[in-house]
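Asks: Data file structure-v5.cif (mmCIF, C-alpha atoms and all ligand atoms) is appended below.
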data_run
#
loop_
_atom_site.label_atom_id
_atom_site.label_comp_id
_atom_site.auth_asym_id
_atom_site.auth_seq_id
_atom_site.Cartn_x
_atom_site.Cartn_y
_atom_site.Cartn_z
CA MET A 92 -23.96 7.93 16.13
CA TYR A 93 -21.97 10.33 14.02
CA PRO A 94 -21.37 13.86 15.39
CA ASP A 95 -23.55 16.59 13.84
CA PHE A 96 -20.77 17.95 11.61
CA ILE A 97 -21.01 14.79 9.46
CA ASP A 98 -23.11 15.04 6.31
CA LEU A 99 -25.29 11.95 6.60
CA ASN A 100 -26.65 12.32 3.06
CA ARG A 101 -23.17 12.10 1.65
CA ILE A 102 -22.39 9.11 3.86
CA SER A 103 -25.39 7.16 2.59
CA GLN A 104 -24.61 8.12 -1.00
CA LEU A 105 -21.02 6.87 -0.62
CA LYS A 106 -22.25 3.64 0.96
CA LYS A 107 -24.53 3.07 -2.05
CA GLU A 108 -21.50 3.49 -4.27
CA GLY A 109 -19.85 0.66 -2.36
CA ARG A 110 -17.35 2.85 -0.53
CA LEU A 111 -15.90 1.78 2.81
CA ILE A 112 -16.99 4.37 5.40
CA PRO A 113 -15.33 4.78 8.82
CA PRO A 114 -17.67 3.66 11.62
CA PRO A 115 -18.68 6.26 14.26
CA GLU A 116 -16.00 4.91 16.66
CA MET A 117 -13.37 6.23 14.26
CA ILE A 118 -14.79 9.75 14.40
CA LYS A 119 -13.85 12.14 17.19
CA THR A 120 -16.39 14.36 18.95
CA LYS A 121 -15.91 18.11 19.21
CA LYS A 122 -14.86 17.72 22.82
CA GLN A 123 -12.28 15.06 21.97
CA ILE A 124 -10.97 17.19 19.12
CA ALA A 125 -10.46 20.11 21.52
CA GLY A 126 -8.47 17.85 23.85
CA ILE A 127 -6.38 16.34 21.06
CA LYS A 128 -5.55 19.84 19.81
CA GLU A 129 -4.12 20.72 23.22
CA ALA A 130 -1.96 17.60 23.26
CA CYS A 131 -0.74 18.33 19.73
CA THR A 132 0.06 21.94 20.62
CA LEU A 133 2.21 20.83 23.55
CA ASN A 134 3.92 18.26 21.35
CA THR A 135 4.73 20.98 18.80
CA MET A 136 6.01 23.26 21.55
CA LEU A 137 8.27 20.43 22.67
CA LEU A 138 9.75 19.89 19.21
CA ASP A 139 10.26 23.66 18.85
CA TYR A 140 11.93 23.76 22.25
CA LEU A 141 14.25 20.87 21.36
CA GLU A 142 15.28 22.23 17.98
CA PRO A 143 18.10 24.60 19.07
CA HIS A 144 19.56 21.78 21.19
CA VAL A 145 19.78 19.42 18.24
CA LYS A 146 23.33 20.15 17.14
CA ALA A 147 26.78 18.61 16.84
CA GLY A 148 28.24 17.44 20.16
CA VAL A 149 24.88 16.77 21.82
CA SER A 150 23.95 13.21 22.72
CA THR A 151 20.51 11.82 22.03
CA LEU A 152 20.21 11.06 25.75
CA GLU A 153 20.54 14.79 26.50
CA ILE A 154 17.67 15.45 24.10
CA ASP A 155 15.64 12.78 25.87
CA ASN A 156 16.35 14.40 29.25
CA LEU A 157 15.20 17.79 27.93
CA THR A 158 12.03 16.13 26.66
CA LEU A 159 11.12 14.69 30.03
CA GLU A 160 11.81 18.02 31.77
CA PHE A 161 9.76 20.03 29.29
CA THR A 162 6.82 17.66 29.19
CA SER A 163 6.62 17.14 32.96
CA SER A 164 6.81 20.87 33.61
CA HIS A 165 3.75 21.29 31.36
CA ASN A 166 1.80 18.66 33.30
CA ALA A 167 1.90 16.32 30.36
CA VAL A 168 3.22 12.81 29.85
CA CYS A 169 5.72 11.38 27.35
CA ALA A 170 3.52 8.67 25.89
CA ASP A 171 6.40 6.67 24.41
CA PHE A 172 7.82 5.90 27.85
CA GLY A 173 6.73 2.41 28.85
CA TYR A 174 4.77 1.89 25.62
CA MET A 175 5.20 -1.84 25.03
CA GLY A 176 8.21 -1.55 27.29
CA TYR A 177 9.88 1.30 25.38
CA PRO A 178 12.65 2.59 27.69
CA LYS A 179 12.90 6.33 26.81
CA HIS A 180 10.72 9.39 26.21
CA ILE A 181 11.17 10.04 22.49
CA CYS A 182 12.60 8.20 19.53
CA THR A 183 15.85 9.57 18.12
CA SER A 184 16.70 7.96 14.81
CA VAL A 185 20.07 8.94 13.34
CA ASN A 186 21.18 8.32 9.70
CA ASP A 187 20.54 4.65 8.85
CA VAL A 188 18.15 4.26 11.78
CA VAL A 189 14.70 4.21 10.20
CA CYS A 190 12.69 4.67 13.40
CA HIS A 191 12.51 3.78 17.10
CA GLY A 192 16.10 4.80 17.79
CA ILE A 193 16.59 4.74 21.57
CA PRO A 194 18.23 7.84 23.05
CA SER A 195 21.70 7.05 24.36
CA ALA A 196 24.72 8.82 25.84
CA GLU A 197 26.78 6.98 23.25
CA VAL A 198 25.04 8.52 20.27
CA VAL A 199 26.57 11.97 19.91
CA LEU A 200 25.44 14.07 16.96
CA GLN A 201 28.06 14.99 14.39
CA ASP A 202 28.29 17.31 11.45
CA GLY A 203 26.74 15.59 8.42
CA ASP A 204 24.20 13.55 10.41
CA ILE A 205 20.45 13.60 10.09
CA ILE A 206 18.25 12.83 13.07
CA ASN A 207 14.53 12.22 13.30
CA ILE A 208 12.96 13.15 16.61
CA ASP A 209 9.58 11.52 17.12
CA ALA A 210 7.57 12.66 20.13
CA THR A 211 4.15 11.69 21.41
CA THR A 212 2.63 13.82 24.15
CA MET A 213 -0.31 12.79 26.31
CA TYR A 214 -2.23 15.61 27.98
CA ASN A 215 -5.49 15.06 29.91
CA ASP A 216 -5.55 11.57 28.38
CA TYR A 217 -5.44 12.89 24.81
CA TYR A 218 -2.55 12.17 22.46
CA GLY A 219 -0.61 14.11 19.84
CA ASP A 220 2.13 12.56 17.71
CA ALA A 221 4.66 14.18 15.37
CA SER A 222 8.21 13.91 14.15
CA ARG A 223 10.72 16.01 12.28
CA THR A 224 14.06 15.27 10.74
CA PHE A 225 16.86 17.72 11.54
CA VAL A 226 20.06 18.19 9.59
CA ILE A 227 23.29 18.61 11.54
CA GLY A 228 25.71 21.02 9.89
CA LYS A 229 26.41 20.27 6.27
CA VAL A 230 25.12 17.01 4.81
CA HIS A 231 25.76 15.27 1.51
CA PRO A 232 23.56 16.69 -1.31
CA LEU A 233 21.85 13.31 -1.75
CA ILE A 234 20.88 13.36 1.91
CA GLU A 235 19.67 16.94 1.63
CA ASN A 236 17.45 15.71 -1.20
CA LEU A 237 16.20 12.80 0.86
CA VAL A 238 15.15 15.13 3.67
CA HIS A 239 13.56 17.63 1.31
CA HIS A 240 11.59 14.99 -0.58
CA THR A 241 10.41 13.14 2.51
CA LYS A 242 8.93 16.37 3.86
CA GLU A 243 7.40 17.08 0.45
CA ALA A 244 5.91 13.60 0.23
CA LEU A 245 4.08 14.16 3.51
CA GLU A 246 2.92 17.64 2.52
CA LYS A 247 1.74 16.50 -0.92
CA ALA A 248 -0.30 13.71 0.64
CA ILE A 249 -1.91 16.11 3.13
CA ASP A 250 -2.67 18.66 0.41
CA ALA A 251 -4.43 16.04 -1.70
CA ILE A 252 -7.02 15.11 0.92
CA VAL A 253 -10.61 16.04 0.07
CA PRO A 254 -13.16 14.93 2.68
CA TYR A 255 -15.76 12.42 1.42
CA GLU A 256 -13.59 11.78 -1.66
CA THR A 257 -10.01 10.77 -0.91
CA THR A 258 -9.34 7.31 0.55
CA ILE A 259 -6.68 6.23 3.01
CA GLY A 260 -5.17 4.20 0.17
CA ASP A 261 -4.86 7.32 -2.00
CA ILE A 262 -2.50 8.78 0.60
CA GLY A 263 -0.20 5.79 0.25
CA GLU A 264 -0.33 5.90 -3.50
CA ILE A 265 0.64 9.59 -3.58
CA ILE A 266 3.58 9.01 -1.25
CA GLU A 267 4.80 5.93 -3.09
CA ASN A 268 4.61 7.61 -6.49
CA TYR A 269 6.35 10.71 -5.22
CA ALA A 270 9.13 8.65 -3.63
CA ASN A 271 9.64 6.59 -6.77
CA GLU A 272 9.78 9.73 -8.94
CA HIS A 273 12.68 10.87 -6.79
CA ASP A 274 14.49 7.53 -6.67
CA LEU A 275 13.67 6.93 -3.03
CA SER A 276 12.17 3.80 -1.54
CA VAL A 277 9.29 3.50 0.90
CA VAL A 278 9.51 1.52 4.14
CA LYS A 279 6.46 -0.75 4.13
CA LYS A 280 6.50 -2.21 7.60
CA PHE A 281 5.44 0.92 9.54
CA THR A 282 2.30 2.93 8.95
CA GLY A 283 0.56 6.07 10.04
CA HIS A 284 -2.36 5.53 12.39
CA GLY A 285 -5.39 6.97 14.05
CA VAL A 286 -4.44 8.85 17.20
CA GLY A 287 -6.11 10.85 19.94
CA LEU A 288 -7.61 8.64 22.61
CA ALA A 289 -4.66 6.25 22.37
CA LEU A 290 -1.25 6.35 20.74
CA HIS A 291 -2.18 3.92 17.98
CA GLU A 292 -5.75 3.54 16.76
CA GLU A 293 -7.49 2.58 13.58
CA PRO A 294 -7.21 3.34 10.75
CA TYR A 295 -3.69 2.31 9.79
CA VAL A 296 -2.37 4.55 7.06
CA TYR A 297 -0.09 2.98 4.46
CA HIS A 298 2.66 4.91 2.75
CA PHE A 299 2.25 2.82 -0.40
CA LYS A 300 -0.67 1.76 -2.58
CA PRO A 301 -2.48 -1.00 -0.72
CA ASN A 302 -4.25 -3.84 -2.51
CA GLU A 303 -7.39 -3.80 -0.43
CA LYS A 304 -10.26 -1.34 -0.33
CA THR A 305 -9.59 1.39 2.25
CA TYR A 306 -11.72 3.88 4.16
CA THR A 307 -12.96 7.02 2.52
CA ILE A 308 -11.72 9.96 4.57
CA ILE A 309 -14.48 11.91 6.35
CA PRO A 310 -14.62 14.79 8.87
CA GLY A 311 -13.77 14.05 12.49
CA MET A 312 -11.04 11.56 11.66
CA VAL A 313 -7.72 12.24 13.37
CA PHE A 314 -4.72 10.31 12.14
CA THR A 315 -1.02 10.55 11.44
CA ILE A 316 0.83 10.30 8.18
CA GLU A 317 4.49 9.48 8.76
CA PRO A 318 6.38 8.32 5.67
CA MET A 319 9.80 6.76 6.11
CA LEU A 320 11.77 7.08 2.90
CA ASN A 321 15.13 5.48 2.21
CA LEU A 322 17.96 6.67 -0.01
CA GLY A 323 18.81 3.04 -0.80
CA GLY A 324 16.59 -0.03 -0.72
CA GLU A 325 13.42 -0.42 1.31
CA GLU A 326 14.67 -3.42 3.32
CA ILE A 327 15.06 -3.00 7.05
CA PHE A 328 15.94 -5.02 10.10
CA ILE A 329 15.35 -4.69 13.84
CA ASP A 330 18.22 -4.69 16.32
CA GLU A 331 18.51 -8.16 17.85
CA GLU A 332 19.63 -6.85 21.20
CA ASP A 333 17.32 -3.97 22.03
CA GLN A 334 14.41 -5.25 19.89
CA TRP A 335 13.48 -1.66 19.00
CA THR A 336 15.99 0.09 16.75
CA VAL A 337 15.07 -0.29 13.10
CA TYR A 338 17.96 -0.02 10.59
CA THR A 339 18.15 0.06 6.82
CA GLU A 340 19.54 -3.22 5.57
CA ASP A 341 22.05 -1.54 3.23
CA GLY A 342 23.21 1.12 5.69
CA TYR A 343 22.00 4.03 3.57
CA PRO A 344 20.18 6.82 5.43
CA SER A 345 16.45 6.93 6.07
CA CYS A 346 14.28 9.96 6.75
CA GLN A 347 10.85 10.56 8.27
CA PHE A 348 8.39 13.34 8.95
CA GLU A 349 5.10 12.90 10.81
CA HIS A 350 2.04 15.05 11.34
CA THR A 351 -1.19 14.50 13.24
CA ILE A 352 -4.03 15.79 11.08
CA LEU A 353 -7.73 16.44 11.63
CA ILE A 354 -10.24 16.10 8.82
CA THR A 355 -12.71 18.98 8.91
CA PRO A 356 -15.86 19.49 6.79
CA GLU A 357 -13.80 21.86 4.64
CA GLY A 358 -10.51 19.99 4.37
CA VAL A 359 -7.55 19.25 6.58
CA GLU A 360 -6.16 20.90 9.68
CA ILE A 361 -2.60 20.01 10.60
CA LEU A 362 -2.78 19.76 14.39
CA SER A 363 0.95 19.26 14.90
CA LYS A 364 2.04 22.52 13.32
N1 LIG B 1 5.73 8.00 17.85
C1 LIG B 1 5.73 6.70 17.24
C2 LIG B 1 4.71 6.69 16.13
O1 LIG B 1 4.75 7.58 15.35
C3 LIG B 1 5.47 5.62 18.23
C4 LIG B 1 6.65 5.33 19.01
S1 LIG B 1 6.30 4.10 20.09
C5 LIG B 1 7.75 3.85 20.92
O2 LIG B 1 3.83 5.90 15.99
F1 LIG B 1 7.46 3.02 21.84
F2 LIG B 1 8.65 3.43 20.07
F3 LIG B 1 8.15 4.98 21.41
CO CO B 2 5.41 9.41 16.14
CO CO B 3 2.82 7.97 14.80
#
Now that the file is in, can you turn its structure into structure tokens?
Replies:
Amino acid sequence: MYPDFIDLNRISQLKKEGRLIPPPEMIKTKKQIAGIKEACTLNTMLLDYLEPHVKAGVSTLEIDNLTLEFTSSHNAVCADFGYMGYPKHICTSVNDVVCHGIPSAEVVLQDGDIINIDATTMYNDYYGDASRTFVIGKVHPLIENLVHHTKEALEKAIDAIVPYETTIGDIGEIIENYANEHDLSVVKKFTGHGVGLALHEEPYVYHFKPNEKTYTIIPGMVFTIEPMLNLGGEEIFIDEEDQWTVYTEDGYPSCQFEHTILITPEGVEILSK
């Protein structure tokens, strides 16, 4: 059963047109949405709290320690910890690390670096997921551009969503086109995802134009969009030793921003703001 905020007439019309419609399991109830909002708010508070600490001379392990302290003191849980064996509480991805960088005492931020901090907070069993890329001191103009355009790509995709019209595939197409227009490449291996009752749920959200038919976006869906754009080529590899850290093949920097969004009858609400 769909919640009562879903327009069933529109759903049946779209089905007649041959559109792929998310099943009720992919739609959150009002109660679940309220819980997910709380988790997202805490996650945003965490990123805001970390921000002034993200500066030259600070190690990514120190940022991880602050994360655990903050989250525990708010009676919440760092959902990354232990997820498929992940050893720390956030992901800290510096320069040519695309994602899943593991916080370490050996990684000390320096002027000219960029760092993505990706945090997932669980509160009362609900999840919120977001990431931001921070610039340390003065970075190369090309890197400044990379950061600017990655943020824009995410925002443009969010702005384009019209419930009952836009598809999940449209999101990818917008991001891919935007990246290409700005001479950036899109990492294909990692996607956005449904989130809320678990860290990763359906649907998976591509950051490029997929070949297959994708879901039409309808109210009550909660999912992330989290493009990873590279200054150089799109190729990546995973660290042999830790089996987590993802690097760009060519060593050029990579950037990411992530939001958790809720589709409402009117449009989109960014929950991780
Ligand atoms: N926050 C990541 C995401 O956006 C998931 C990280 S899982 C971890 O999907 F295990 F690497 F932490
Ligand atoms: Co994330
Ligand atoms: Co995510």
Asks: When you count only C-alpha atoms, which of these residues is closest to A:Pro194: A:Leu288, A:Ile316, A:Ile249, A:Ile154?
Replies: A:Ile154
Asks: Tell me, in Å to one decimal, how far atom CA of A:Asp274 is from atom CA of A:Pro301.
Replies: 19.9 Å
Asks: Kindly provide the residues of chain A that approach ligand CO 2 (chain B) to within 12 Å, each paired with its closest atom pair and their distance in Å to one decimal, based on all atoms listed in the file, listed by chain and increasing number, as a tab-separated table.
Replies:
residue	atom	partner	partner_atom	distance
A:Cys131	CA	B:CO2	CO	11.4
A:Asn134	CA	B:CO2	CO	10.4
A:Thr135	CA	B:CO2	CO	11.9
A:Leu138	CA	B:CO2	CO	11.8
A:Cys169	CA	B:CO2	CO	11.4
A:Ala170	CA	B:CO2	CO	10.0
A:Asp171	CA	B:CO2	CO	8.8
A:His180	CA	B:CO2	CO	11.4
A:Ile181	CA	B:CO2	CO	8.6
A:Cys182	CA	B:CO2	CO	8.0
A:Thr183	CA	B:CO2	CO	10.6
A:Ser184	CA	B:CO2	CO	11.5
A:Cys190	CA	B:CO2	CO	9.1
A:His191	CA	B:CO2	CO	9.1
A:Gly192	CA	B:CO2	CO	11.8
A:Asn207	CA	B:CO2	CO	10.0
A:Ile208	CA	B:CO2	CO	8.4
A:Asp209	CA	B:CO2	CO	4.8
A:Ala210	CA	B:CO2	CO	5.6
A:Thr211	CA	B:CO2	CO	5.9
A:Thr212	CA	B:CO2	CO	9.6
A:Tyr218	CA	B:CO2	CO	10.5
A:Gly219	CA	B:CO2	CO	8.5
A:Asp220	CA	B:CO2	CO	4.8
A:Ala221	CA	B:CO2	CO	4.9
A:Ser222	CA	B:CO2	CO	5.7
A:Arg223	CA	B:CO2	CO	9.3
A:Thr224	CA	B:CO2	CO	11.8
A:Phe281	CA	B:CO2	CO	10.8
A:Thr282	CA	B:CO2	CO	10.2
A:Gly283	CA	B:CO2	CO	8.5
A:His284	CA	B:CO2	CO	9.5
A:Gly285	CA	B:CO2	CO	11.3
A:Val286	CA	B:CO2	CO	9.9
A:Leu290	CA	B:CO2	CO	8.7
A:His291	CA	B:CO2	CO	9.5
A:Phe314	CA	B:CO2	CO	10.9
A:Thr315	CA	B:CO2	CO	8.0
A:Ile316	CA	B:CO2	CO	9.2
A:Glu317	CA	B:CO2	CO	7.4
A:Pro318	CA	B:CO2	CO	10.6
A:Met319	CA	B:CO2	CO	11.3
A:Gln347	CA	B:CO2	CO	9.6
A:Phe348	CA	B:CO2	CO	8.7
A:Glu349	CA	B:CO2	CO	6.4
A:His350	CA	B:CO2	CO	8.1
A:Thr351	CA	B:CO2	CO	8.8
A:Ser363	CA	B:CO2	CO	10.9
Asks: Any chance you could export the current selection's C-alpha atoms as a compact mmCIF listing (two decimals), keeping the file's coordinate frame?
Replies:
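The resulting selection_18.txt:
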# COMPACT_ATOMS: atom_id res chain seq x y z
CA CYS A 131 -0.74 18.33 19.73
CA ASN A 134 3.92 18.26 21.35
CA THR A 135 4.73 20.98 18.80
CA LEU A 138 9.75 19.89 19.21
CA CYS A 169 5.72 11.38 27.35
CA ALA A 170 3.52 8.67 25.89
CA ASP A 171 6.40 6.67 24.41
CA HIS A 180 10.72 9.39 26.21
CA ILE A 181 11.17 10.04 22.49
CA CYS A 182 12.60 8.20 19.53
CA THR A 183 15.85 9.57 18.12
CA SER A 184 16.70 7.96 14.81
CA CYS A 190 12.69 4.67 13.40
CA HIS A 191 12.51 3.78 17.10
CA GLY A 192 16.10 4.80 17.79
CA ASN A 207 14.53 12.22 13.30
CA ILE A 208 12.96 13.15 16.61
CA ASP A 209 9.58 11.52 17.12
CA ALA A 210 7.57 12.66 20.13
CA THR A 211 4.15 11.69 21.41
CA THR A 212 2.63 13.82 24.15
CA TYR A 218 -2.55 12.17 22.46
CA GLY A 219 -0.61 14.11 19.84
CA ASP A 220 2.13 12.56 17.71
CA ALA A 221 4.66 14.18 15.37
CA SER A 222 8.21 13.91 14.15
CA ARG A 223 10.72 16.01 12.28
CA THR A 224 14.06 15.27 10.74
CA PHE A 281 5.44 0.92 9.54
CA THR A 282 2.30 2.93 8.95
CA GLY A 283 0.56 6.07 10.04
CA HIS A 284 -2.36 5.53 12.39
CA GLY A 285 -5.39 6.97 14.05
CA VAL A 286 -4.44 8.85 17.20
CA LEU A 290 -1.25 6.35 20.74
CA HIS A 291 -2.18 3.92 17.98
CA PHE A 314 -4.72 10.31 12.14
CA THR A 315 -1.02 10.55 11.44
CA ILE A 316 0.83 10.30 8.18
CA GLU A 317 4.49 9.48 8.76
CA PRO A 318 6.38 8.32 5.67
CA MET A 319 9.80 6.76 6.11
CA GLN A 347 10.85 10.56 8.27
CA PHE A 348 8.39 13.34 8.95
CA GLU A 349 5.10 12.90 10.81
CA HIS A 350 2.04 15.05 11.34
CA THR A 351 -1.19 14.50 13.24
CA SER A 363 0.95 19.26 14.90
Asks: Write out as a PyMOL selection string which residues come within 12 Å of A:Pro114 when counting all atoms listed in the file, dropping same-chain ones fewer than 3 positions away.
Replies: chain A and resi 92-94+97+102+106+111+117-119+293-294+306-312
Asks: Please measure the separation of atom CA of A:Thr158 and atom CA of A:Phe328, giving the value in Å to one decimal.
Replies: 27.1 Å
Asks: Which is closer to ligand CO 3 (chain B) than all the others in A:Ala289, A:Ile327, A:Ile227, A:Leu353, using only C-alpha atoms and all ligand atoms?
Replies: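 Going through A:Ala289, A:Ile327, A:Ile227, A:Leu353 one by one, the smallest distance to ligand CO 3 (chain B) is for A:Ala289.
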